[in-house]
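Student: This is the content of target-v7.csv (CSV, C-alpha atoms):
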chain,number,residue,atom,x,y,z
P,4,MET,CA,103.1,94.4,92.6
P,5,PRO,CA,106.4,94.5,90.7
P,6,ALA,CA,108.9,91.6,90.8
P,7,TYR,CA,112.6,91.6,90.1
P,8,TRP,CA,115.0,89.2,88.4
P,9,ILE,CA,118.3,89.4,90.2
P,10,ALA,CA,121.1,87.6,88.4
P,11,HIS,CA,124.7,87.3,89.5
P,12,VAL,CA,126.9,86.1,86.7
P,13,VAL,CA,130.5,85.0,85.8
P,14,VAL,CA,130.9,84.9,82.0
P,15,THR,CA,133.2,82.2,80.8
P,16,ASP,CA,132.6,82.5,77.1
P,17,GLU,CA,132.0,86.1,75.9
P,18,ASP,CA,130.9,85.2,72.4
P,19,ALA,CA,128.3,82.6,73.5
P,20,TYR,CA,127.1,84.9,76.3
P,21,GLY,CA,126.8,87.8,73.8
P,22,ARG,CA,124.4,85.6,71.7
P,23,TYR,CA,122.4,85.0,74.9
P,24,ALA,CA,122.2,88.7,75.6
P,25,ARG,CA,121.1,89.6,72.1
P,26,LEU,CA,118.3,87.1,72.2
P,27,ALA,CA,117.3,87.5,75.9
P,28,GLY,CA,116.7,91.3,75.7
P,29,PRO,CA,113.7,91.1,73.3
P,30,ALA,CA,112.3,88.1,75.2
P,31,ILE,CA,112.4,90.0,78.4
P,32,ALA,CA,110.9,93.1,76.9
P,33,ALA,CA,108.1,91.1,75.4
P,34,HIS,CA,107.1,90.1,79.0
P,35,GLY,CA,107.2,93.7,80.3
P,36,GLY,CA,110.7,93.4,81.7
P,37,LYS,CA,112.8,96.6,82.1
P,38,PHE,CA,116.5,96.5,82.9
P,39,LEU,CA,117.4,98.5,86.0
P,40,ALA,CA,121.0,97.3,86.3
P,41,ARG,CA,123.0,95.4,83.7
P,42,GLY,CA,126.6,94.9,84.6
P,43,GLY,CA,128.3,98.1,85.6
P,44,ALA,CA,130.2,99.0,88.7
P,45,HIS,CA,129.4,97.3,92.0
P,46,VAL,CA,130.7,96.8,95.5
P,47,GLN,CA,130.7,93.3,96.9
P,48,LEU,CA,129.9,93.6,100.6
P,49,GLU,CA,129.2,89.9,101.4
P,50,GLY,CA,129.2,86.5,99.8
P,51,ARG,CA,130.6,85.4,96.5
P,52,ASP,CA,131.6,88.2,94.1
P,53,ARG,CA,130.3,87.8,90.5
P,54,PRO,CA,131.4,90.5,88.2
P,55,ARG,CA,128.1,90.9,86.3
P,56,ASN,CA,125.0,91.7,88.2
P,57,VAL,CA,121.7,92.3,86.5
P,58,VAL,CA,118.3,93.5,87.9
P,59,VAL,CA,115.2,93.4,85.7
P,60,GLU,CA,111.8,94.8,86.8
P,61,PHE,CA,108.7,92.9,85.7
P,62,PRO,CA,105.0,93.9,86.3
P,63,ASP,CA,104.6,90.9,88.7
P,64,ILE,CA,106.0,87.5,89.6
P,65,ALA,CA,103.8,85.8,87.1
P,66,ALA,CA,105.3,87.9,84.2
P,67,ALA,CA,108.8,87.1,85.5
P,68,GLU,CA,108.2,83.4,85.5
P,69,ALA,CA,106.3,83.5,82.2
P,70,CYS,CA,109.3,85.2,80.7
P,71,TYR,CA,111.8,82.7,82.0
P,72,ASN,CA,109.7,79.7,80.8
P,73,SER,CA,108.9,81.3,77.4
P,74,GLU,CA,110.1,79.6,74.2
P,75,ALA,CA,112.0,82.8,73.3
P,76,TYR,CA,113.9,83.1,76.6
P,77,GLN,CA,114.7,79.4,76.7
P,78,ALA,CA,116.1,79.7,73.2
P,79,ALA,CA,118.4,82.5,74.4
P,80,LEU,CA,119.3,80.6,77.6
P,81,VAL,CA,120.8,77.7,75.6
P,82,HIS,CA,123.7,80.1,74.8
P,83,ALA,CA,124.3,81.1,78.4
P,84,LYS,CA,124.5,77.6,79.7
P,85,GLY,CA,128.1,76.5,79.5
P,86,ALA,CA,129.1,80.1,78.8
P,87,SER,CA,128.5,81.4,82.4
P,88,GLU,CA,128.0,80.6,86.0
P,89,ARG,CA,124.7,82.1,87.1
P,90,ASP,CA,122.4,82.5,90.0
P,91,LEU,CA,119.0,83.9,89.2
P,92,VAL,CA,116.2,84.6,91.7
P,93,VAL,CA,112.8,86.3,91.3
P,94,VAL,CA,111.9,88.6,94.2
P,95,ALA,CA,108.6,90.2,94.9
P,96,GLY,CA,108.7,94.0,95.2
P,97,ILE,CA,106.8,96.1,97.7
P,98,GLU,CA,104.0,98.5,97.1
P,99,GLY,CA,104.7,102.2,97.6
As structure tokens, what does this structure read like?
Tutor:
Amino acid sequence: MPAYWIAHVVVTDEDAYGRYARLAGPAIAAHGGKFLARGGAHVQLEGRDRPRNVVVEFPDIAAAEACYNSEAYQAALVHAKGASERDLVVVAGIEG
């Protein structure tokens, strides 16, 4: 069953966050992650608006967690901390 990373982000340091993005992409792909939404236009209907919204599909929750905890992703994440305000959740998809 697929699982999804859903991230809501405010970038506070474009250069540092750019380093994160360049390193995170390959780490995510290595765990079967596929970007479904990455920034782009959005409409905030409820809650706190964050201008960058990202959705990544993984084969399952285990792959999503393994990616987050991987050495490669953690090396990327160092650049995002202090360069952004982020919320990240993993959500199980549904069959069919």
Student: Kindly indicate which residue among P:Ala24, P:Ala19, P:Val93, P:Val14 lies nearest to Tyr71 (chain P), using only C-alpha atoms for the distances.
Tutor: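 Selected residue with least distance to Tyr71 (chain P): P:Val93.
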Student: Smallest atom-to-atom distance to Ala86 (chain P): which of P:Ala67, P:Val57, P:Ala33, P:Val12, using all atoms listed in the file?
Tutor: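 Closest residue, counting all atoms listed in the file: P:Val12.
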Student: Around (116.8, 81.3, 77.1) in the file's own coordinates, what residues are found within 12 Å if you use all atoms listed in the file, given back as JSON, numbers by chain?
Tutor: {"P": [20, 22, 23, 24, 25, 26, 27, 28, 29, 30, 31, 69, 70, 71, 72, 73, 74, 75, 76, 77, 78, 79, 80, 81, 82, 83, 84]}
Student: Go ahead and dump the residues you just picked, C-alpha atoms, as an mmCIF file, in the frame of the given file.
Tutor:
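Written out: part24.cif:
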data_model
loop_
_atom_site.group_PDB
_atom_site.id
_atom_site.type_symbol
_atom_site.label_atom_id
_atom_site.label_comp_id
_atom_site.auth_asym_id
_atom_site.auth_seq_id
_atom_site.Cartn_x
_atom_site.Cartn_y
_atom_site.Cartn_z
ATOM 1 C CA TYR P 20 127.100 84.900 76.300
ATOM 2 C CA ARG P 22 124.400 85.600 71.700
ATOM 3 C CA TYR P 23 122.400 85.000 74.900
ATOM 4 C CA ALA P 24 122.200 88.700 75.600
ATOM 5 C CA ARG P 25 121.100 89.600 72.100
ATOM 6 C CA LEU P 26 118.300 87.100 72.200
ATOM 7 C CA ALA P 27 117.300 87.500 75.900
ATOM 8 C CA GLY P 28 116.700 91.300 75.700
ATOM 9 C CA PRO P 29 113.700 91.100 73.300
ATOM 10 C CA ALA P 30 112.300 88.100 75.200
ATOM 11 C CA ILE P 31 112.400 90.000 78.400
ATOM 12 C CA ALA P 69 106.300 83.500 82.200
ATOM 13 C CA CYS P 70 109.300 85.200 80.700
ATOM 14 C CA TYR P 71 111.800 82.700 82.000
ATOM 15 C CA ASN P 72 109.700 79.700 80.800
ATOM 16 C CA SER P 73 108.900 81.300 77.400
ATOM 17 C CA GLU P 74 110.100 79.600 74.200
ATOM 18 C CA ALA P 75 112.000 82.800 73.300
ATOM 19 C CA TYR P 76 113.900 83.100 76.600
ATOM 20 C CA GLN P 77 114.700 79.400 76.700
ATOM 21 C CA ALA P 78 116.100 79.700 73.200
ATOM 22 C CA ALA P 79 118.400 82.500 74.400
ATOM 23 C CA LEU P 80 119.300 80.600 77.600
ATOM 24 C CA VAL P 81 120.800 77.700 75.600
ATOM 25 C CA HIS P 82 123.700 80.100 74.800
ATOM 26 C CA ALA P 83 124.300 81.100 78.400
ATOM 27 C CA LYS P 84 124.500 77.600 79.700
#
Student: For region 40-49 of chain P, list every protein, DNA or RNA residue within 10 Å, evaluated using all atoms listed in the file, and leave out those in the same chain fewer than 3 positions away; present the list as an mmCIF file with C-alpha atoms, in the coordinates of the input.
Tutor:
data_model
loop_
_atom_site.group_PDB
_atom_site.id
_atom_site.type_symbol
_atom_site.label_atom_id
_atom_site.label_comp_id
_atom_site.auth_asym_id
_atom_site.auth_seq_id
_atom_site.Cartn_x
_atom_site.Cartn_y
_atom_site.Cartn_z
ATOM 1 C CA ILE P 9 118.300 89.400 90.200
ATOM 2 C CA ALA P 10 121.100 87.600 88.400
ATOM 3 C CA HIS P 11 124.700 87.300 89.500
ATOM 4 C CA VAL P 12 126.900 86.100 86.700
ATOM 5 C CA LYS P 37 112.800 96.600 82.100
ATOM 6 C CA ASP P 52 131.600 88.200 94.100
ATOM 7 C CA ARG P 53 130.300 87.800 90.500
ATOM 8 C CA PRO P 54 131.400 90.500 88.200
ATOM 9 C CA ARG P 55 128.100 90.900 86.300
ATOM 10 C CA ASN P 56 125.000 91.700 88.200
ATOM 11 C CA VAL P 57 121.700 92.300 86.500
ATOM 12 C CA VAL P 58 118.300 93.500 87.900
ATOM 13 C CA VAL P 59 115.200 93.400 85.700
ATOM 14 C CA GLU P 60 111.800 94.800 86.800
#
Student: Which value, in Å to one decimal, gives the distance between CA of Ala6 (chain P) and CA of Val94 (chain P)?
Tutor: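 Distance between the two atoms: 5.4 Å.
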Student: In Å to one decimal, how far is CA of Ser87 (chain P) from CA of Val13 (chain P)?
Tutor: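 The value is 5.3 Å.
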Student: Go ahead and compute the interatomic distance for CA of Trp8 (chain P) and CA of Val92 (chain P), in Å to one decimal.
Tutor: 5.8 Å
Student: Which of these residues is nearest to Glu68 (chain P), using only C-alpha atoms: P:Asp16, P:Phe38, P:Tyr7, P:Gly96?
Tutor: P:Tyr7
Student: Just the residues within 8 Å of Pro62 (chain P), please, counting only C-alpha atoms, with nothing from its chain fewer than 3 positions along; format it as a compact mmCIF listing (two decimals) with C-alpha atoms, in the frame of the given file.
Tutor:
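Written file, selection_15.txt:
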# COMPACT_ATOMS: atom_id res chain seq x y z
CA MET P 4 103.10 94.40 92.60
CA PRO P 5 106.40 94.50 90.70
CA ALA P 6 108.90 91.60 90.80
CA GLY P 35 107.20 93.70 80.30
CA GLY P 36 110.70 93.40 81.70
CA ALA P 66 105.30 87.90 84.20
CA ALA P 67 108.80 87.10 85.50
Student: Which is closest to Asp63 (chain P) among P:Gly85, P:Gly21, P:Leu39, P:Glu98, if we use all atoms listed in the file?
Tutor: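 When distances to Asp63 (chain P) are compared using all atoms listed in the file, the smallest one comes from P:Glu98.
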Student: Mind rebuilding region 62-95 of chain P with N, CA and C atoms and writing that out as a compact mmCIF listing (two decimals), in the coordinates of the input?
Tutor:
# COMPACT_ATOMS: atom_id res chain seq x y z
N PRO P 62 106.28 93.41 85.72
CA PRO P 62 105.00 93.90 86.30
C PRO P 62 104.65 93.06 87.59
N ASP P 63 104.97 91.76 87.58
CA ASP P 63 104.60 90.90 88.70
C ASP P 63 105.41 89.59 88.60
N ILE P 64 105.31 88.75 89.63
CA ILE P 64 106.00 87.50 89.60
C ILE P 64 105.58 86.59 88.47
N ALA P 65 104.29 86.59 88.17
CA ALA P 65 103.80 85.80 87.10
C ALA P 65 104.45 86.14 85.76
N ALA P 66 104.63 87.42 85.49
CA ALA P 66 105.30 87.90 84.20
C ALA P 66 106.74 87.44 84.23
N ALA P 67 107.41 87.54 85.38
CA ALA P 67 108.80 87.10 85.50
C ALA P 67 108.98 85.65 85.18
N GLU P 68 108.11 84.85 85.78
CA GLU P 68 108.20 83.40 85.50
C GLU P 68 107.78 83.05 84.12
N ALA P 69 106.77 83.72 83.59
CA ALA P 69 106.30 83.50 82.20
C ALA P 69 107.47 83.78 81.24
N CYS P 70 108.19 84.84 81.50
CA CYS P 70 109.30 85.20 80.70
C CYS P 70 110.37 84.09 80.69
N TYR P 71 110.77 83.68 81.89
CA TYR P 71 111.80 82.70 82.00
C TYR P 71 111.39 81.37 81.31
N ASN P 72 110.14 81.00 81.41
CA ASN P 72 109.70 79.70 80.80
C ASN P 72 109.27 79.86 79.36
N SER P 73 109.31 81.07 78.81
CA SER P 73 108.90 81.30 77.40
C SER P 73 109.84 80.59 76.45
N GLU P 74 109.30 80.27 75.29
CA GLU P 74 110.10 79.60 74.20
C GLU P 74 111.25 80.56 73.82
N ALA P 75 110.98 81.85 73.70
CA ALA P 75 112.00 82.80 73.30
C ALA P 75 113.14 82.90 74.27
N TYR P 76 112.81 82.97 75.58
CA TYR P 76 113.90 83.10 76.60
C TYR P 76 114.66 81.77 76.69
N GLN P 77 113.97 80.66 76.62
CA GLN P 77 114.70 79.40 76.70
C GLN P 77 115.61 79.19 75.51
N ALA P 78 115.23 79.70 74.33
CA ALA P 78 116.10 79.70 73.20
C ALA P 78 117.37 80.50 73.41
N ALA P 79 117.21 81.61 74.09
CA ALA P 79 118.40 82.50 74.40
C ALA P 79 119.23 81.77 75.49
N LEU P 80 118.59 81.17 76.48
CA LEU P 80 119.30 80.60 77.60
C LEU P 80 120.24 79.46 77.20
N VAL P 81 119.95 78.79 76.11
CA VAL P 81 120.80 77.70 75.60
C VAL P 81 122.26 78.29 75.42
N HIS P 82 122.38 79.55 75.02
CA HIS P 82 123.70 80.10 74.80
C HIS P 82 124.41 80.52 76.08
N ALA P 83 123.66 80.75 77.16
CA ALA P 83 124.30 81.10 78.40
C ALA P 83 124.78 79.90 79.20
N LYS P 84 124.08 78.78 79.03
CA LYS P 84 124.50 77.60 79.70
C LYS P 84 125.82 77.09 79.12
N GLY P 85 126.79 76.84 79.96
CA GLY P 85 128.10 76.50 79.50
C GLY P 85 128.97 77.67 79.16
N ALA P 86 128.38 78.86 79.12
CA ALA P 86 129.10 80.10 78.80
C ALA P 86 129.16 81.00 80.05
N SER P 87 128.58 80.51 81.16
CA SER P 87 128.50 81.40 82.40
C SER P 87 128.21 80.50 83.58
N GLU P 88 128.51 81.09 84.73
CA GLU P 88 128.00 80.60 86.00
C GLU P 88 127.04 81.61 86.50
N ARG P 89 125.80 81.18 86.76
CA ARG P 89 124.70 82.10 87.10
C ARG P 89 123.90 81.71 88.25
N ASP P 90 123.48 82.70 88.99
CA ASP P 90 122.40 82.50 90.00
C ASP P 90 121.34 83.51 89.57
N LEU P 91 120.08 83.04 89.56
CA LEU P 91 119.00 83.90 89.20
C LEU P 91 117.83 83.66 90.16
N VAL P 92 117.32 84.74 90.71
CA VAL P 92 116.20 84.60 91.70
C VAL P 92 115.16 85.68 91.25
N VAL P 93 113.89 85.36 91.49
CA VAL P 93 112.80 86.30 91.30
C VAL P 93 112.37 86.75 92.71
N VAL P 94 112.31 88.06 92.92
CA VAL P 94 111.90 88.60 94.20
C VAL P 94 110.74 89.53 94.05
N ALA P 95 109.74 89.34 94.90
CA ALA P 95 108.60 90.20 94.90
C ALA P 95 108.96 91.60 95.40
